[in-house]
Structure formats: structure tokens, C-alpha cells
file coords-v6.pdb (PDB, C-alpha atoms and all ligand atoms)
ATOM      1  CA  MET A1250     -49.024 -68.500  94.021
ATOM      2  CA  THR A1251     -49.532 -68.029  97.732
ATOM      3  CA  THR A1252     -48.060 -64.811  98.980
ATOM      4  CA  ASP A1253     -47.258 -63.977 102.546
ATOM      5  CA  ARG A1254     -47.081 -60.193 102.621
ATOM      6  CA  ARG A1255     -45.937 -59.965 106.209
ATOM      7  CA  ASP A1256     -42.522 -58.392 106.447
ATOM      8  CA  THR A1257     -40.557 -61.457 107.389
ATOM      9  CA  PRO A1258     -36.792 -61.119 107.649
ATOM     10  CA  ILE A1259     -34.821 -63.130 105.159
ATOM     11  CA  ILE A1260     -31.272 -64.339 105.088
ATOM     12  CA  ALA A1261     -30.282 -63.227 101.595
ATOM     13  CA  PRO A1262     -28.060 -65.520  99.544
ATOM     14  CA  LYS A1263     -24.897 -63.964  98.080
ATOM     15  CA  MET A1264     -24.322 -63.859  94.331
ATOM     16  CA  HIS A1265     -21.873 -66.574  93.411
ATOM     17  CA  HIS A1266     -21.373 -67.057  89.658
ATOM     18  CA  ALA A1267     -22.651 -66.452  86.154
ATOM     19  CA  THR A1268     -22.903 -69.125  83.450
ATOM     20  CA  PHE A1269     -22.675 -68.596  79.716
ATOM     21  CA  LEU A1270     -23.447 -70.819  76.755
ATOM     22  CA  THR A1271     -20.630 -70.609  74.235
ATOM     23  CA  LEU A1272     -19.447 -71.767  70.835
ATOM     24  CA  LYS A1273     -15.899 -70.614  71.611
ATOM     25  CA  LEU A1274     -14.985 -72.495  74.794
ATOM     26  CA  ASP A1275     -11.192 -72.380  74.477
ATOM     27  CA  GLU A1276     -11.203 -68.756  73.338
ATOM     28  CA  MET A1277     -13.440 -67.768  76.256
ATOM     29  CA  VAL A1278     -11.261 -69.593  78.797
ATOM     30  CA  ALA A1279      -8.150 -67.864  77.431
ATOM     31  CA  TRP A1280      -9.848 -64.449  77.376
ATOM     32  CA  TYR A1281     -11.082 -64.590  80.976
ATOM     33  CA  ARG A1282      -7.621 -65.748  82.048
ATOM     34  CA  THR A1283      -6.009 -62.738  80.368
ATOM     35  CA  VAL A1284      -8.607 -60.180  81.335
ATOM     36  CA  ALA A1285      -9.514 -61.178  84.875
ATOM     37  CA  GLY A1286      -6.876 -63.704  85.954
ATOM     38  CA  MET A1287      -9.445 -66.505  85.999
ATOM     39  CA  THR A1288      -8.222 -70.085  85.907
ATOM     40  CA  PRO A1289     -10.189 -73.284  85.298
ATOM     41  CA  VAL A1290     -11.029 -75.417  88.333
ATOM     42  CA  HIS A1291     -12.536 -77.972  85.964
ATOM     43  CA  TYR A1292     -12.121 -77.886  82.191
ATOM     44  CA  SER A1293     -13.462 -80.452  79.723
ATOM     45  CA  GLU A1294     -14.473 -80.566  76.051
ATOM     46  CA  ALA A1295     -17.964 -79.509  76.996
ATOM     47  CA  ALA A1296     -17.581 -77.006  79.820
ATOM     48  CA  ALA A1297     -15.267 -75.017  82.047
ATOM     49  CA  TRP A1298     -15.607 -73.576  85.527
ATOM     50  CA  LEU A1299     -13.372 -70.589  86.222
ATOM     51  CA  THR A1300     -12.471 -68.643  89.316
ATOM     52  CA  ASN A1301     -10.111 -65.905  90.387
ATOM     53  CA  ASP A1302     -10.796 -66.040  94.112
ATOM     54  CA  GLU A1303     -11.579 -68.536  96.857
ATOM     55  CA  ALA A1304     -14.898 -69.624  95.302
ATOM     56  CA  ASN A1305     -14.915 -72.938  93.409
ATOM     57  CA  HIS A1306     -16.107 -70.991  90.347
ATOM     58  CA  ARG A1307     -17.274 -67.508  89.415
ATOM     59  CA  ILE A1308     -17.826 -67.965  85.678
ATOM     60  CA  ALA A1309     -19.019 -71.190  84.091
ATOM     61  CA  LEU A1310     -18.979 -71.880  80.363
ATOM     62  CA  ILE A1311     -21.062 -74.521  78.650
ATOM     63  CA  CYS A1312     -20.412 -75.711  75.115
ATOM     64  CA  HIS A1313     -23.401 -77.870  74.133
ATOM     65  CA  PRO A1314     -24.189 -79.220  70.629
ATOM     66  CA  ALA A1315     -27.545 -77.425  70.657
ATOM     67  CA  VAL A1316     -26.017 -73.995  71.289
ATOM     68  CA  LYS A1317     -26.318 -71.515  68.444
ATOM     69  CA  LYS A1318     -25.037 -68.017  67.860
ATOM     70  CA  ALA A1319     -27.034 -65.269  69.538
ATOM     71  CA  VAL A1320     -29.252 -63.207  67.251
ATOM     72  CA  ASP A1321     -29.100 -59.421  67.654
ATOM     73  CA  LYS A1322     -27.257 -59.812  70.934
ATOM     74  CA  PRO A1323     -26.632 -56.075  71.483
ATOM     75  CA  THR A1324     -30.355 -55.380  71.549
ATOM     76  CA  SER A1325     -31.661 -58.633  73.023
ATOM     77  CA  THR A1326     -32.882 -58.987  76.565
ATOM     78  CA  GLY A1327     -30.663 -60.723  79.068
ATOM     79  CA  LEU A1328     -27.309 -60.081  80.621
ATOM     80  CA  HIS A1329     -25.526 -56.882  79.592
ATOM     81  CA  HIS A1330     -22.341 -57.395  81.595
ATOM     82  CA  THR A1331     -20.674 -58.996  84.559
ATOM     83  CA  ALA A1332     -18.359 -56.791  86.603
ATOM     84  CA  PHE A1333     -15.031 -57.113  88.373
ATOM     85  CA  GLU A1334     -13.694 -54.633  90.899
ATOM     86  CA  TYR A1335     -10.174 -53.496  91.664
ATOM     87  CA  ALA A1336      -9.344 -52.270  95.162
ATOM     88  CA  CYS A1337      -7.771 -49.033  93.921
ATOM     89  CA  PHE A1338      -7.399 -46.625  91.033
ATOM     90  CA  ASP A1339      -3.748 -47.417  90.266
ATOM     91  CA  GLN A1340      -4.324 -51.174  89.934
ATOM     92  CA  TRP A1341      -7.332 -50.473  87.751
ATOM     93  CA  LEU A1342      -5.465 -48.121  85.409
ATOM     94  CA  ASP A1343      -2.404 -50.398  85.315
ATOM     95  CA  ASN A1344      -4.727 -53.213  84.252
ATOM     96  CA  TYR A1345      -6.001 -51.055  81.387
ATOM     97  CA  ILE A1346      -2.401 -50.600  80.192
ATOM     98  CA  ARG A1347      -1.642 -54.319  80.601
ATOM     99  CA  LEU A1348      -4.690 -55.325  78.545
ATOM    100  CA  ARG A1349      -4.043 -52.643  75.936
ATOM    101  CA  ASP A1350      -0.589 -54.194  75.460
ATOM    102  CA  HIS A1351      -2.417 -57.494  74.761
ATOM    103  CA  GLY A1352      -4.562 -55.723  72.170
ATOM    104  CA  ILE A1353      -7.653 -55.870  74.403
ATOM    105  CA  VAL A1354      -9.335 -52.475  74.746
ATOM    106  CA  PRO A1355     -12.666 -51.366  76.185
ATOM    107  CA  PHE A1356     -15.562 -50.441  73.899
ATOM    108  CA  MET A1357     -16.773 -47.809  76.348
ATOM    109  CA  CYS A1358     -15.580 -46.110  79.524
ATOM    110  CA  LEU A1359     -17.819 -44.292  81.997
ATOM    111  CA  ASP A1360     -17.330 -42.424  85.239
ATOM    112  CA  HIS A1361     -20.523 -43.394  87.057
ATOM    113  CA  GLY A1362     -19.701 -41.364  90.164
ATOM    114  CA  ILE A1363     -19.801 -44.488  92.316
ATOM    115  CA  THR A1364     -17.243 -46.236  90.136
ATOM    116  CA  MET A1365     -15.030 -45.507  87.184
ATOM    117  CA  SER A1366     -15.674 -48.326  84.757
ATOM    118  CA  MET A1367     -14.240 -49.746  81.560
ATOM    119  CA  TYR A1368     -16.404 -52.122  79.540
ATOM    120  CA  TYR A1369     -14.939 -54.908  77.424
ATOM    121  CA  ALA A1370     -16.644 -57.469  75.194
ATOM    122  CA  ASP A1371     -15.663 -61.112  75.616
ATOM    123  CA  PRO A1372     -15.296 -63.335  72.497
ATOM    124  CA  GLU A1373     -19.066 -64.040  72.547
ATOM    125  CA  GLY A1374     -19.963 -60.365  72.933
ATOM    126  CA  ASN A1375     -20.878 -60.467  76.634
ATOM    127  CA  GLY A1376     -19.954 -57.284  78.444
ATOM    128  CA  VAL A1377     -17.339 -57.331  81.194
ATOM    129  CA  GLU A1378     -17.036 -54.224  83.325
ATOM    130  CA  ILE A1379     -13.817 -53.570  85.223
ATOM    131  CA  GLN A1380     -14.184 -50.910  87.868
ATOM    132  CA  PHE A1381     -12.879 -49.396  91.057
ATOM    133  CA  ASP A1382     -15.006 -47.764  93.726
ATOM    134  CA  CYS A1383     -14.439 -43.991  93.688
ATOM    135  CA  PHE A1384     -15.168 -43.814  97.420
ATOM    136  CA  GLY A1385     -12.964 -46.798  98.281
ATOM    137  CA  ASP A1386     -15.772 -47.844 100.580
ATOM    138  CA  TRP A1387     -18.952 -49.702  99.591
ATOM    139  CA  ALA A1388     -20.964 -48.121 102.413
ATOM    140  CA  ALA A1389     -20.014 -44.610 101.252
ATOM    141  CA  SER A1390     -20.639 -45.273  97.558
ATOM    142  CA  LYS A1391     -23.962 -46.935  98.359
ATOM    143  CA  GLU A1392     -25.009 -43.936 100.452
ATOM    144  CA  TRP A1393     -24.043 -41.528  97.649
ATOM    145  CA  MET A1394     -25.893 -43.589  95.031
ATOM    146  CA  TRP A1395     -28.974 -43.631  97.220
ATOM    147  CA  ALA A1396     -28.919 -39.983  98.283
ATOM    148  CA  ALA A1397     -27.041 -37.807  95.781
ATOM    149  CA  ARG A1398     -28.979 -35.567  93.414
ATOM    150  CA  GLU A1399     -25.982 -35.763  91.080
ATOM    151  CA  PHE A1400     -26.510 -39.504  90.648
ATOM    152  CA  ALA A1401     -30.284 -39.145  90.269
ATOM    153  CA  GLU A1402     -29.807 -36.554  87.524
ATOM    154  CA  ASN A1403     -27.141 -38.492  85.656
ATOM    155  CA  PRO A1404     -27.016 -42.144  86.697
ATOM    156  CA  ILE A1405     -25.062 -43.253  83.636
ATOM    157  CA  GLY A1406     -22.244 -40.753  84.064
ATOM    158  CA  GLU A1407     -19.575 -39.239  81.856
ATOM    159  CA  TRP A1408     -17.585 -40.804  79.046
ATOM    160  CA  PHE A1409     -13.829 -40.804  79.336
ATOM    161  CA  ASP A1410     -10.883 -41.821  77.175
ATOM    162  CA  PRO A1411      -8.634 -44.118  79.254
ATOM    163  CA  ASP A1412      -5.477 -42.958  77.455
ATOM    164  CA  LYS A1413      -6.227 -39.429  78.691
ATOM    165  CA  LEU A1414      -6.371 -40.817  82.233
ATOM    166  CA  VAL A1415      -2.991 -42.492  81.786
ATOM    167  CA  GLU A1416      -1.591 -39.166  80.593
ATOM    168  CA  ALA A1417      -3.137 -37.280  83.523
ATOM    169  CA  ARG A1418      -1.639 -39.720  86.014
ATOM    170  CA  GLU A1419       1.768 -39.348  84.345
ATOM    171  CA  GLN A1420       1.418 -35.589  84.869
ATOM    172  CA  GLY A1421       1.050 -36.271  88.596
ATOM    173  CA  LEU A1422      -2.699 -35.815  89.039
ATOM    174  CA  SER A1423      -4.265 -37.761  91.893
ATOM    175  CA  GLN A1424      -7.124 -40.246  91.686
ATOM    176  CA  ASP A1425      -9.562 -37.671  93.070
ATOM    177  CA  GLU A1426      -8.417 -34.975  90.638
ATOM    178  CA  ILE A1427      -8.794 -37.377  87.719
ATOM    179  CA  HIS A1428     -12.201 -38.550  88.943
ATOM    180  CA  ASP A1429     -13.389 -34.937  89.323
ATOM    181  CA  GLY A1430     -12.016 -34.101  85.883
ATOM    182  CA  ALA A1431     -13.771 -37.088  84.325
ATOM    183  CA  ARG A1432     -17.064 -36.108  85.998
ATOM    184  CA  ASN A1433     -16.670 -32.675  84.418
ATOM    185  CA  GLY A1434     -16.035 -34.104  80.955
ATOM    186  CA  LYS A1435     -12.339 -33.193  80.879
ATOM    187  CA  TYR A1436     -11.266 -36.587  79.495
ATOM    188  CA  ARG A1437     -14.164 -37.102  77.096
ATOM    189  CA  PRO A1438     -13.235 -39.143  73.984
ATOM    190  CA  GLU A1439     -13.144 -37.500  70.550
ATOM    191  CA  ASN A1440     -16.033 -39.708  69.451
ATOM    192  CA  PRO A1441     -18.037 -40.871  72.472
ATOM    193  CA  PRO A1442     -20.237 -43.960  71.995
ATOM    194  CA  LYS A1443     -23.820 -43.157  71.035
ATOM    195  CA  ASP A1444     -25.285 -45.458  73.689
ATOM    196  CA  VAL A1445     -24.411 -48.192  76.162
ATOM    197  CA  LEU A1446     -25.354 -51.128  73.935
ATOM    198  CA  LEU A1447     -22.900 -54.000  73.547
ATOM    199  CA  PRO A1448     -20.919 -54.185  70.308
ATOM    200  CA  GLU A1449     -21.817 -56.841  67.727
ATOM    201  CA  VAL A1450     -19.210 -59.614  67.931
ATOM    202  CA  TYR A1451     -18.699 -62.135  65.128
TER     203      TYR A1451
HETATM  204 FE    FE A1501     -22.206 -52.558  86.001
END
call {"tool": "encode", "arguments": {"input": "coords-v6.pdb", "output": "C-alpha cells"}}
result
Amino acid sequence: MTTDRRDTPIIAPKMHHATFLTLKLDEMVAWYRTVAGMTPVHYSEAAAWLTNDEANHRIALICHPAVKKAVDKPTSTGLHHTAFEYACFDQWLDNYIRLRDHGIVPFMCLDHGITMSMYYADPEGNGVEIQFDCFGDWAASKEWMWAAREFAENPIGEWFDPDKLVEAREQGLSQDEIHDGARNGKYRPENPPKDVLLPEVY
């Protein structure tokens, strides 16, 4: 490989989509519709391309005869999760309630400092993080992530129980009060997950 080590400026491409192999095409399409409001732009027997914004697709799903079930997915290399972001705390927490009413609940919830995040598993066991930015400003959260000792010392964050957040909001606590409380372990679940590995999905 020839390498030019001079510091040449680059125009960086933006991330556009993620593509998954699946054995459960219809189930996956339905799940991403429910969870993230994604709709198919093209949907056939063999594949589907889904989006929930102006892009022609954000998630693609391929159902090929050679595809087989993943082995030891939670501990295999590769993608851990994709992530979706809400613009504010209230929309994010309302979405938790909406999905809970559909019987879809996160397998782990973490206050990372930069974001508060709930992690779901899709029908194939791929992680899907749904977050909001605690700073409400990417520049500010990026600066904090880069510079804060608090993040360096605990980059994973604190576990929280989303039902305790719903209760706190009903009691009139603000987003910042709830975020601070979560960072201090006030909403920790009874039985926090042991690690951040994906659950085994059958
Ligand atoms: Fe993430």
C-alpha cells in the first residue's frame, strides 16, 4: 500500500445507512416501523430499504438464501448497535412509554453524560439505541466528551430504570434534575445488567 503521510485535507463523507442480513425480513420491517417510524422505500421478497427521513434509505435488509443464523451474536465481533436520536427529553421518554405499550422494552438503559440512552434488540438481536443529547447541542456534548474528567473516568455511565424516570417526570422534575439524578445513581434498576453485551435472541 502506498501511503502519503502528508496532512492533506479531506472532504469526509457522511454516514448514510447500515445494512443487515436477515432471516426475518417481514418481522424486521414491522419492528423498525414501530420502533423508529421507518417505512420501506422499496420492499421485495428478498430485501427492503427503509428510511425515516429525507434519505432514500437508512436501514437496508437483505434476505438471501445463503444467510444463516448468527452464532454467539452477543459476543461476536461486528456491529453492536445503530442509534437514533430524539431532539428532546420529553419526546424520548414519551417514545419509551409508547413502545412499552407495544410490549417493546429496552434491555439496558444508560446515562452516558453526553446522552441518555435506551437500548433495544431488534428481532435478529441487533442493538438499537434511542437517545437524546443531554446538552441539546452537538458542539457542547462533543466538547464535554472530549474534555471532561467525568467522562474519562466513567465513559459508559450510570444505569437507570426508565419507569423511575417516568415517575420522576410525573412528580414535576425537569430534564436536568432527572439527568443529574441518573448520573448520581438515583434511578438505578433493582437488578442492573452485568455488562453491555447484546441479549441472545432466538
Ligand atoms: Fe451508541
call {"tool": "closest_residue", "arguments": {"input": "coords-v6.pdb", "among": "A:Pro1323, A:Pro1314, A:Pro1404, A:Gly1434", "to": "ligand FE 1501 (chain A)", "atoms": "all atoms listed in the file"}}
result
A:Pro1404
call {"tool": "residues_near_ligand", "arguments": {"input": "coords-v6.pdb", "ligand": "ligand FE 1501 (chain A)", "cutoff": "8 Å", "atoms": "only C-alpha atoms and all ligand atoms", "output": "list in words"}}
result
His1330, Thr1331, Ala1332, Ser1366 and Glu1378 of chain A
call {"tool": "write_last_selection", "arguments": {"input": "coords-v6.pdb", "atoms": "C-alpha atoms", "output": "compact mmCIF listing (two decimals), keeping the file's coordinate frame"}}
result
# COMPACT_ATOMS: atom_id res chain seq x y z
CA HIS A 1330 -22.34 -57.40 81.60
CA THR A 1331 -20.67 -59.00 84.56
CA ALA A 1332 -18.36 -56.79 86.60
CA SER A 1366 -15.67 -48.33 84.76
CA GLU A 1378 -17.04 -54.22 83.32
call {"tool": "resolve_selection", "arguments": {"input": "coords-v6.pdb", "expression": "the PyMOL selection byres (((chain A and resi 1290) around 12) and not hetatm)", "output": "PDB file with C-alpha atoms, in the frame of the given file"}}
result
ATOM      1  CA  VAL A1278     -11.261 -69.593  78.797  1.00  0.00           C
ATOM      2  CA  MET A1287      -9.445 -66.505  85.999  1.00  0.00           C
ATOM      3  CA  THR A1288      -8.222 -70.085  85.907  1.00  0.00           C
ATOM      4  CA  PRO A1289     -10.189 -73.284  85.298  1.00  0.00           C
ATOM      5  CA  HIS A1291     -12.536 -77.972  85.964  1.00  0.00           C
ATOM      6  CA  TYR A1292     -12.121 -77.886  82.191  1.00  0.00           C
ATOM      7  CA  SER A1293     -13.462 -80.452  79.723  1.00  0.00           C
ATOM      8  CA  ALA A1296     -17.581 -77.006  79.820  1.00  0.00           C
ATOM      9  CA  ALA A1297     -15.267 -75.017  82.047  1.00  0.00           C
ATOM     10  CA  TRP A1298     -15.607 -73.576  85.527  1.00  0.00           C
ATOM     11  CA  LEU A1299     -13.372 -70.589  86.222  1.00  0.00           C
ATOM     12  CA  THR A1300     -12.471 -68.643  89.316  1.00  0.00           C
ATOM     13  CA  ASN A1301     -10.111 -65.905  90.387  1.00  0.00           C
ATOM     14  CA  ASP A1302     -10.796 -66.040  94.112  1.00  0.00           C
ATOM     15  CA  GLU A1303     -11.579 -68.536  96.857  1.00  0.00           C
ATOM     16  CA  ALA A1304     -14.898 -69.624  95.302  1.00  0.00           C
ATOM     17  CA  ASN A1305     -14.915 -72.938  93.409  1.00  0.00           C
ATOM     18  CA  HIS A1306     -16.107 -70.991  90.347  1.00  0.00           C
ATOM     19  CA  ARG A1307     -17.274 -67.508  89.415  1.00  0.00           C
ATOM     20  CA  ILE A1308     -17.826 -67.965  85.678  1.00  0.00           C
ATOM     21  CA  ALA A1309     -19.019 -71.190  84.091  1.00  0.00           C
ATOM     22  CA  LEU A1310     -18.979 -71.880  80.363  1.00  0.00           C
TER      23      LEU A1310
END
call {"tool": "resolve_selection", "arguments": {"input": "coords-v6.pdb", "expression": "the PyMOL selection byres (((chain A and resi 1333) around 9) and not hetatm)", "output": "list of chain:residue names"}}
result
A:Ala1285, A:Thr1331, A:Ala1332, A:Glu1334, A:Tyr1335, A:Val1377, A:Glu1378, A:Ile1379, A:Gln1380, A:Phe1381
call {"tool": "closest_residue", "arguments": {"input": "coords-v6.pdb", "among": "A:Met1357, A:Leu1414, A:Ala1370, A:Ala1295", "to": "Ala1431 (chain A)", "atoms": "all atoms listed in the file"}}
result
A:Leu1414
call {"tool": "atom_distance", "arguments": {"input": "coords-v6.pdb", "atom1": "CA of Ala1397 (chain A)", "atom2": "CA of Gly1385 (chain A)"}}
result
16.9 Å
call {"tool": "closest_residue", "arguments": {"input": "coords-v6.pdb", "among": "A:Glu1407, A:Glu1419, A:Glu1449, A:Glu1439", "to": "Thr1364 (chain A)", "atoms": "only C-alpha atoms"}}
result
A:Glu1407
call {"tool": "residues_near_point", "arguments": {"input": "coords-v6.pdb", "point": "(-11.5, -36.4, 80.6)", "cutoff": "9 Å", "atoms": "only C-alpha atoms", "output": "list in words"}}
result
Glu1407, Trp1408, Phe1409, Asp1410, Pro1411, Lys1413, Leu1414, Ala1417, Ile1427, His1428, Gly1430, Ala1431, Arg1432, Asn1433, Gly1434, Lys1435, Tyr1436, Arg1437 and Pro1438 of chain A
call {"tool": "resolve_selection", "arguments": {"input": "coords-v6.pdb", "expression": "the PyMOL selection byres (((chain A and resi 1363) around 7) and not hetatm)", "output": "list of chain:residue names"}}
result
A:His1361, A:Gly1362, A:Thr1364, A:Asp1382, A:Cys1383, A:Phe1384, A:Ser1390, A:Met1394
call {"tool": "atom_distance", "arguments": {"input": "coords-v6.pdb", "atom1": "CA of Thr1324 (chain A)", "atom2": "CA of Val1354 (chain A)"}}
result
21.5 Å
call {"tool": "atom_distance", "arguments": {"input": "coords-v6.pdb", "atom1": "CA of Cys1337 (chain A)", "atom2": "CA of Glu1416 (chain A)"}}
result
17.7 Å
